[in-house]
Amino acid sequence: MTRKKKIYKKKGKVIKDLTRNIFKILNEDSNKYYNYKQIAAKLKVSDTDGKTQIIQKLAELTANKKIKEVDRGKFQINEDRKYHIGTLDVTSNGNAYFICDDFEHDIFVPSVNLGKGLHNDTVKAYVYNKRRSNKQEADVVEIIERAKTEFVGVLQMNKNFGFVVPDSNKMYADIFISQSKLNGANDGDKVVATMTDWPENSKNPFGKITQVLGRPGDHDTEIHSILLEYGLPYEFPTEVEKEASELPIEITKEEIAKRRDMRGDLTFTIDPKDAKDFDDALSFTVLENGNYEIGIHIADVSHYVQPKTILDDEAYDRATSVYLVDRVVPMLPEMLSNGVCSLRPNEEKLTFSAVFEMNEKAQVVNQWFGRTVTYSDKRFAYEEAQAIIETKGNIIPEDVSLTGEAYEVDENIVEATLKLDELAKKMRKKRMKSGAISFDKIEVKFHLDENANPTGVFFKEAKDANKLIEEFMLLANKKVAEFVGLSGGRPSNKTFVYRVHDEPDVEKLASLQNIVSKFGYKINTETRQKTSDSLNKLLSDVHGKGEANMVETLAIRSMSKAEYTTQNIGHYGLAFDYYSHFTSPIRRYPDVMTHRLLQHYLDGGNSPKAEIYEEKCKHSSKMEELASKAERDSIKYMQVKYMQDHKDQEFEGVVSGVTEWGIYVEIKSNKCEGMVRIKDIKDDYYIFDEKQYAVIGQSTKNMIQLGDEVVVKVKHTDLERKHLDFNLISH
């Protein structure tokens, strides 16, 4: 089970799960009591800051009657307390888990005990031990807050009423719609239904249809369904568009006078060939001392998007742009995202810059942060910059050229690109040596026709040009975070927006080791350095092999989730002690906050209250997660759509998952994943063996195991559920 974890300080760093760790200690022997020093010793917390956190937490838990103070400063579990507040994680089979910090583990809730609780709802639950097994279970007794009341689904009509059958497999109840609440919807329409009531004696919630999306299977209907399923908008309100269109966009002499003028520096952008919002540009100058001045110039969104405006409220609500297969749903109206703020070639732009003096060893010897005005001399696609790096020449061949024709590049841009590539490789090497993990996962992309139908699949892999941009963006993000977060080499305690990534979960790493050992790979988790070294070796060894995508996906799942917070714990995956997001304010709201705070501190301002920013960080992390789910769903949808046209074809695949109801198979040639149901494997009766990640034939003892190569054929495609069923042809 995954869940959001709370953080506390230990040895000057923020660590996770103080509440759960205190309960773990107190639950070891419910008759014993502990003072804060004993708890600190068990948690290996020795610094004053960490002990203060423990004292505060004990006081909070006592006030909430979760624990009791049996004597002055001595605490014990409150066993009288049987009711707890937490959230529900509903599974696709209709059961759920109760997630609550009062318990070390998430607690199973059978479907009969859900009490009309739905996925992510905040609920009050009665927790008890089952008599026979002594395992804990929970019974939902009260819904405190619904996570969502709007659901996307298909309307199925009876004579005088209908039911909306939700698309999400986490929503186990169809929604009853009376004749008067149909809002013009017809049988079979894809709709948005709002739940209005759930009567005590009814198996189904009651609702009303608020929006008719269209017919199931229609492209726009399905894409809008994906967005609405996660509460993501696909249009800007009129007043937001109006405010954006009325912004003063002229760059005045007065504004230029307030900024560092870098229009004369050689500057260019490198982006995907289909990009329209250019967040960042690089400038390059050779200094008299032989060092290089490299500017990382970022669109100055915070100049145009001011706090307490309709535009800012909308950007905050969205918190991120959403990148679906066939479209981008931007955080800012196009007039800003693709126009005024986008660092387009041959246009003066207002920017916020991190400027570094670097030597041949790629070490930063000087740095400057501030607002600038810049002028991009050239726009490159990644493929064009890659051609320069590979040939070391100035000819861009027609097959990668943005114009479709071969052309020459100025020698000074070629020299700049090659030197930046050289420095980027040195920075990357240092990062890897420090324990960074290299996830160069292949992206699945689609060739689309004019009606957004997939005509082919291709894979996008990060090459040197991508890594060049990545390294300089990482450098800017890291140095901005250090500039605010450190003072004289010590933590400054200034409020800031950090991008943090905790260490991997030990249990998840052990599970990953179990799986990859079947392919002959090993993970060494003795130390942090050995863990990251062996993960990098695993990712390198598996690259290009049939099981690569599966192993890479499992490795990513073993990692903690990166998130935004004002409490810095560093970034494990990048091996940085300080890291923020500064480089993409057109598409990420945390970067806008970072720009505002950085300017505030450059102006000599005092640290604002962390609580306000922490709330905004939580919202941004949540919206990022929803956008990521929508993006994944759009890829799944397009994969199913693509496979509809290949029903007669046999495909080689790899077994990517094994469950009691079937095996998941990932097709090698296009990364589409589908299921072969156990009941459809006809040569024997197969039984699931959890320990071996396999299904085994009862008579023949044939074993179909995780990672096995198989041949499959499409049996059934379900666009609305984004699901593929395969028939197993051979194993």
# chains A, B, ... in the order shown; residues from 1 in each chain; ligands from 1
>>> residues_around(residues="Ala610 of chain A", least_positions_apart="4", cutoff="7 Å", atoms="only C-alpha atoms", output="MDAnalysis selection string")
chainID A and resid 495 566 614
>>> residues_around(residues="Lys722 of chain A", least_positions_apart="3", cutoff="9 Å", atoms="only C-alpha atoms", output="count of residues only")
11
>>> select_by_dssp(residues="segment 427-461 of chain A", states="strand (DSSP E or B)", output="ChimeraX atom specification")
/A:443-448,454-460
>>> write_last_selection(atoms="N, CA and C atoms", output="mmCIF file, in the first residue's frame")
data_model
loop_
_atom_site.group_PDB
_atom_site.id
_atom_site.type_symbol
_atom_site.label_atom_id
_atom_site.label_comp_id
_atom_site.auth_asym_id
_atom_site.auth_seq_id
_atom_site.Cartn_x
_atom_site.Cartn_y
_atom_site.Cartn_z
ATOM 1 N N GLU A 443 10.349 6.290 -23.366
ATOM 2 C CA GLU A 443 8.972 6.790 -23.438
ATOM 3 C C GLU A 443 8.272 6.222 -24.664
ATOM 4 N N VAL A 444 7.007 5.831 -24.480
ATOM 5 C CA VAL A 444 6.201 5.353 -25.610
ATOM 6 C C VAL A 444 5.521 6.554 -26.252
ATOM 7 N N LYS A 445 5.698 6.708 -27.558
ATOM 8 C CA LYS A 445 5.067 7.813 -28.302
ATOM 9 C C LYS A 445 4.288 7.232 -29.483
ATOM 10 N N PHE A 446 3.341 8.020 -29.999
ATOM 11 C CA PHE A 446 2.491 7.547 -31.085
ATOM 12 C C PHE A 446 2.562 8.480 -32.286
ATOM 13 N N HIS A 447 2.588 7.887 -33.474
ATOM 14 C CA HIS A 447 2.339 8.656 -34.698
ATOM 15 C C HIS A 447 0.826 8.775 -34.829
ATOM 16 N N LEU A 448 0.318 9.997 -34.948
ATOM 17 C CA LEU A 448 -1.130 10.214 -35.026
ATOM 18 C C LEU A 448 -1.503 10.796 -36.383
ATOM 19 N N PRO A 454 -4.029 6.586 -33.744
ATOM 20 C CA PRO A 454 -2.639 6.134 -33.752
ATOM 21 C C PRO A 454 -2.335 5.272 -34.982
ATOM 22 N N THR A 455 -1.341 5.671 -35.749
ATOM 23 C CA THR A 455 -0.957 4.903 -36.943
ATOM 24 C C THR A 455 0.336 4.121 -36.715
ATOM 25 N N GLY A 456 1.016 4.418 -35.630
ATOM 26 C CA GLY A 456 2.260 3.707 -35.335
ATOM 27 C C GLY A 456 2.757 4.064 -33.947
ATOM 28 N N VAL A 457 3.669 3.237 -33.443
ATOM 29 C CA VAL A 457 4.259 3.446 -32.118
ATOM 30 C C VAL A 457 5.758 3.612 -32.291
ATOM 31 N N PHE A 458 6.347 4.561 -31.555
ATOM 32 C CA PHE A 458 7.806 4.659 -31.557
ATOM 33 C C PHE A 458 8.280 4.966 -30.137
ATOM 34 N N PHE A 459 9.553 4.734 -29.883
ATOM 35 C CA PHE A 459 10.107 4.924 -28.543
ATOM 36 C C PHE A 459 11.058 6.101 -28.534
ATOM 37 N N LYS A 460 10.937 6.902 -27.485
ATOM 38 C CA LYS A 460 11.774 8.089 -27.360
ATOM 39 C C LYS A 460 12.767 7.840 -26.240
#
>>> residues_around(residues="Gln705 of chain A", least_positions_apart="6", cutoff="7 Å", atoms="only C-alpha atoms", output="list in words")
Val655, Tyr693, Ala694 and Val695 of chain A
>>> residues_around(residues="Lys508 of chain A", least_positions_apart="3", cutoff="10 Å", atoms="only C-alpha atoms", output="PyMOL selection string")
chain A and resi 504-505+511-514+554-555+557-560
>>> select_by_dssp(residues="segment 319-376 of chain A", states="helix (DSSP H, G or I)", output="PyMOL selection string")
chain A and resi 334-340
>>> atom_distance(atom1="atom CA of Ile99 of chain A", atom2="atom CA of Tyr230 of chain A")
20.9 Å
>>> residues_around(residues="Glu348 of chain A", least_positions_apart="2", cutoff="12 Å", atoms="only C-alpha atoms", output="JSON, numbers by chain")
{"A": [249, 250, 251, 252, 256, 261, 262, 263, 264, 267, 299, 339, 340, 341, 342, 343, 344, 345, 346, 350, 351, 372, 373, 374, 375, 376, 377]}
>>> write_last_selection(atoms="N, CA and C atoms", output="PDB file, in the first residue's frame")
ATOM      1  N   ILE A 249       2.079  43.715 -22.338  1.00  0.00           N
ATOM      2  CA  ILE A 249       3.146  42.802 -22.769  1.00  0.00           C
ATOM      3  C   ILE A 249       4.363  43.522 -23.349  1.00  0.00           C
ATOM      4  N   GLU A 250       4.273  44.831 -23.488  1.00  0.00           N
ATOM      5  CA  GLU A 250       5.408  45.572 -24.041  1.00  0.00           C
ATOM      6  C   GLU A 250       6.560  45.580 -23.035  1.00  0.00           C
ATOM      7  N   ILE A 251       7.781  45.326 -23.529  1.00  0.00           N
ATOM      8  CA  ILE A 251       8.961  45.394 -22.666  1.00  0.00           C
ATOM      9  C   ILE A 251       9.488  46.827 -22.723  1.00  0.00           C
ATOM     10  N   THR A 252       9.268  47.588 -21.656  1.00  0.00           N
ATOM     11  CA  THR A 252       9.597  49.015 -21.651  1.00  0.00           C
ATOM     12  C   THR A 252      11.055  49.256 -21.268  1.00  0.00           C
ATOM     13  N   ILE A 256      13.546  47.271 -18.551  1.00  0.00           N
ATOM     14  CA  ILE A 256      14.905  46.812 -18.901  1.00  0.00           C
ATOM     15  C   ILE A 256      15.927  47.396 -17.932  1.00  0.00           C
ATOM     16  N   ASP A 261      20.934  43.238 -18.423  1.00  0.00           N
ATOM     17  CA  ASP A 261      20.695  43.128 -19.868  1.00  0.00           C
ATOM     18  C   ASP A 261      21.659  42.103 -20.467  1.00  0.00           C
ATOM     19  N   MET A 262      21.109  40.962 -20.896  1.00  0.00           N
ATOM     20  CA  MET A 262      21.949  39.889 -21.463  1.00  0.00           C
ATOM     21  C   MET A 262      21.557  39.598 -22.909  1.00  0.00           C
ATOM     22  N   ARG A 263      20.951  40.608 -23.562  1.00  0.00           N
ATOM     23  CA  ARG A 263      20.508  40.412 -24.945  1.00  0.00           C
ATOM     24  C   ARG A 263      21.672  40.196 -25.902  1.00  0.00           C
ATOM     25  N   GLY A 264      22.864  40.673 -25.534  1.00  0.00           N
ATOM     26  CA  GLY A 264      24.025  40.538 -26.424  1.00  0.00           C
ATOM     27  C   GLY A 264      24.730  39.195 -26.304  1.00  0.00           C
ATOM     28  N   THR A 267      22.652  33.119 -27.158  1.00  0.00           N
ATOM     29  CA  THR A 267      21.588  32.425 -26.417  1.00  0.00           C
ATOM     30  C   THR A 267      20.774  31.555 -27.367  1.00  0.00           C
ATOM     31  N   ALA A 299      11.761  31.643 -18.247  1.00  0.00           N
ATOM     32  CA  ALA A 299      10.672  32.600 -18.486  1.00  0.00           C
ATOM     33  C   ALA A 299      10.232  33.241 -17.170  1.00  0.00           C
ATOM     34  N   GLY A 339       3.022  32.188 -25.926  1.00  0.00           N
ATOM     35  CA  GLY A 339       3.274  33.510 -26.504  1.00  0.00           C
ATOM     36  C   GLY A 339       4.226  34.345 -25.682  1.00  0.00           C
ATOM     37  N   VAL A 340       3.659  35.220 -24.826  1.00  0.00           N
ATOM     38  CA  VAL A 340       4.450  36.231 -24.114  1.00  0.00           C
ATOM     39  C   VAL A 340       5.606  35.633 -23.316  1.00  0.00           C
ATOM     40  N   CYS A 341       5.356  34.525 -22.586  1.00  0.00           N
ATOM     41  CA  CYS A 341       6.390  33.958 -21.710  1.00  0.00           C
ATOM     42  C   CYS A 341       7.339  33.016 -22.445  1.00  0.00           C
ATOM     43  N   SER A 342       6.904  32.444 -23.553  1.00  0.00           N
ATOM     44  CA  SER A 342       7.716  31.446 -24.265  1.00  0.00           C
ATOM     45  C   SER A 342       8.957  32.101 -24.882  1.00  0.00           C
ATOM     46  N   LEU A 343      10.125  31.512 -24.628  1.00  0.00           N
ATOM     47  CA  LEU A 343      11.396  32.103 -25.079  1.00  0.00           C
ATOM     48  C   LEU A 343      11.640  31.771 -26.560  1.00  0.00           C
ATOM     49  N   ARG A 344      10.824  32.378 -27.408  1.00  0.00           N
ATOM     50  CA  ARG A 344      10.873  32.106 -28.844  1.00  0.00           C
ATOM     51  C   ARG A 344      12.082  32.803 -29.462  1.00  0.00           C
ATOM     52  N   PRO A 345      12.609  32.241 -30.571  1.00  0.00           N
ATOM     53  CA  PRO A 345      13.804  32.844 -31.189  1.00  0.00           C
ATOM     54  C   PRO A 345      13.515  34.226 -31.759  1.00  0.00           C
ATOM     55  N   ASN A 346      14.570  35.061 -31.751  1.00  0.00           N
ATOM     56  CA  ASN A 346      14.529  36.411 -32.338  1.00  0.00           C
ATOM     57  C   ASN A 346      13.478  37.311 -31.697  1.00  0.00           C
ATOM     58  N   LEU A 350      11.518  38.777 -21.074  1.00  0.00           N
ATOM     59  CA  LEU A 350      11.840  38.977 -19.665  1.00  0.00           C
ATOM     60  C   LEU A 350      12.096  37.600 -19.050  1.00  0.00           C
ATOM     61  N   THR A 351      13.226  37.482 -18.372  1.00  0.00           N
ATOM     62  CA  THR A 351      13.633  36.177 -17.839  1.00  0.00           C
ATOM     63  C   THR A 351      14.124  36.312 -16.400  1.00  0.00           C
ATOM     64  N   THR A 372      16.457  39.292 -15.622  1.00  0.00           N
ATOM     65  CA  THR A 372      17.240  39.661 -16.804  1.00  0.00           C
ATOM     66  C   THR A 372      16.305  39.957 -17.974  1.00  0.00           C
ATOM     67  N   VAL A 373      16.896  40.477 -19.043  1.00  0.00           N
ATOM     68  CA  VAL A 373      16.210  40.537 -20.328  1.00  0.00           C
ATOM     69  C   VAL A 373      17.126  39.840 -21.327  1.00  0.00           C
ATOM     70  N   THR A 374      16.566  38.928 -22.106  1.00  0.00           N
ATOM     71  CA  THR A 374      17.385  38.105 -22.997  1.00  0.00           C
ATOM     72  C   THR A 374      16.803  38.088 -24.412  1.00  0.00           C
ATOM     73  N   TYR A 375      17.601  37.540 -25.329  1.00  0.00           N
ATOM     74  CA  TYR A 375      17.195  37.456 -26.734  1.00  0.00           C
ATOM     75  C   TYR A 375      17.729  36.141 -27.277  1.00  0.00           C
ATOM     76  N   SER A 376      16.829  35.228 -27.630  1.00  0.00           N
ATOM     77  CA  SER A 376      17.266  33.920 -28.140  1.00  0.00           C
ATOM     78  C   SER A 376      17.638  34.029 -29.616  1.00  0.00           C
ATOM     79  N   ASP A 377      18.878  33.619 -29.931  1.00  0.00           N
ATOM     80  CA  ASP A 377      19.371  33.702 -31.311  1.00  0.00           C
ATOM     81  C   ASP A 377      18.894  32.535 -32.169  1.00  0.00           C
TER      82      ASP A 377
END
>>> closest_residue(among="A:Met427, A:Met195, A:Leu58, A:Ile177", to="Arg146 of chain A", atoms="only C-alpha atoms")
A:Met195
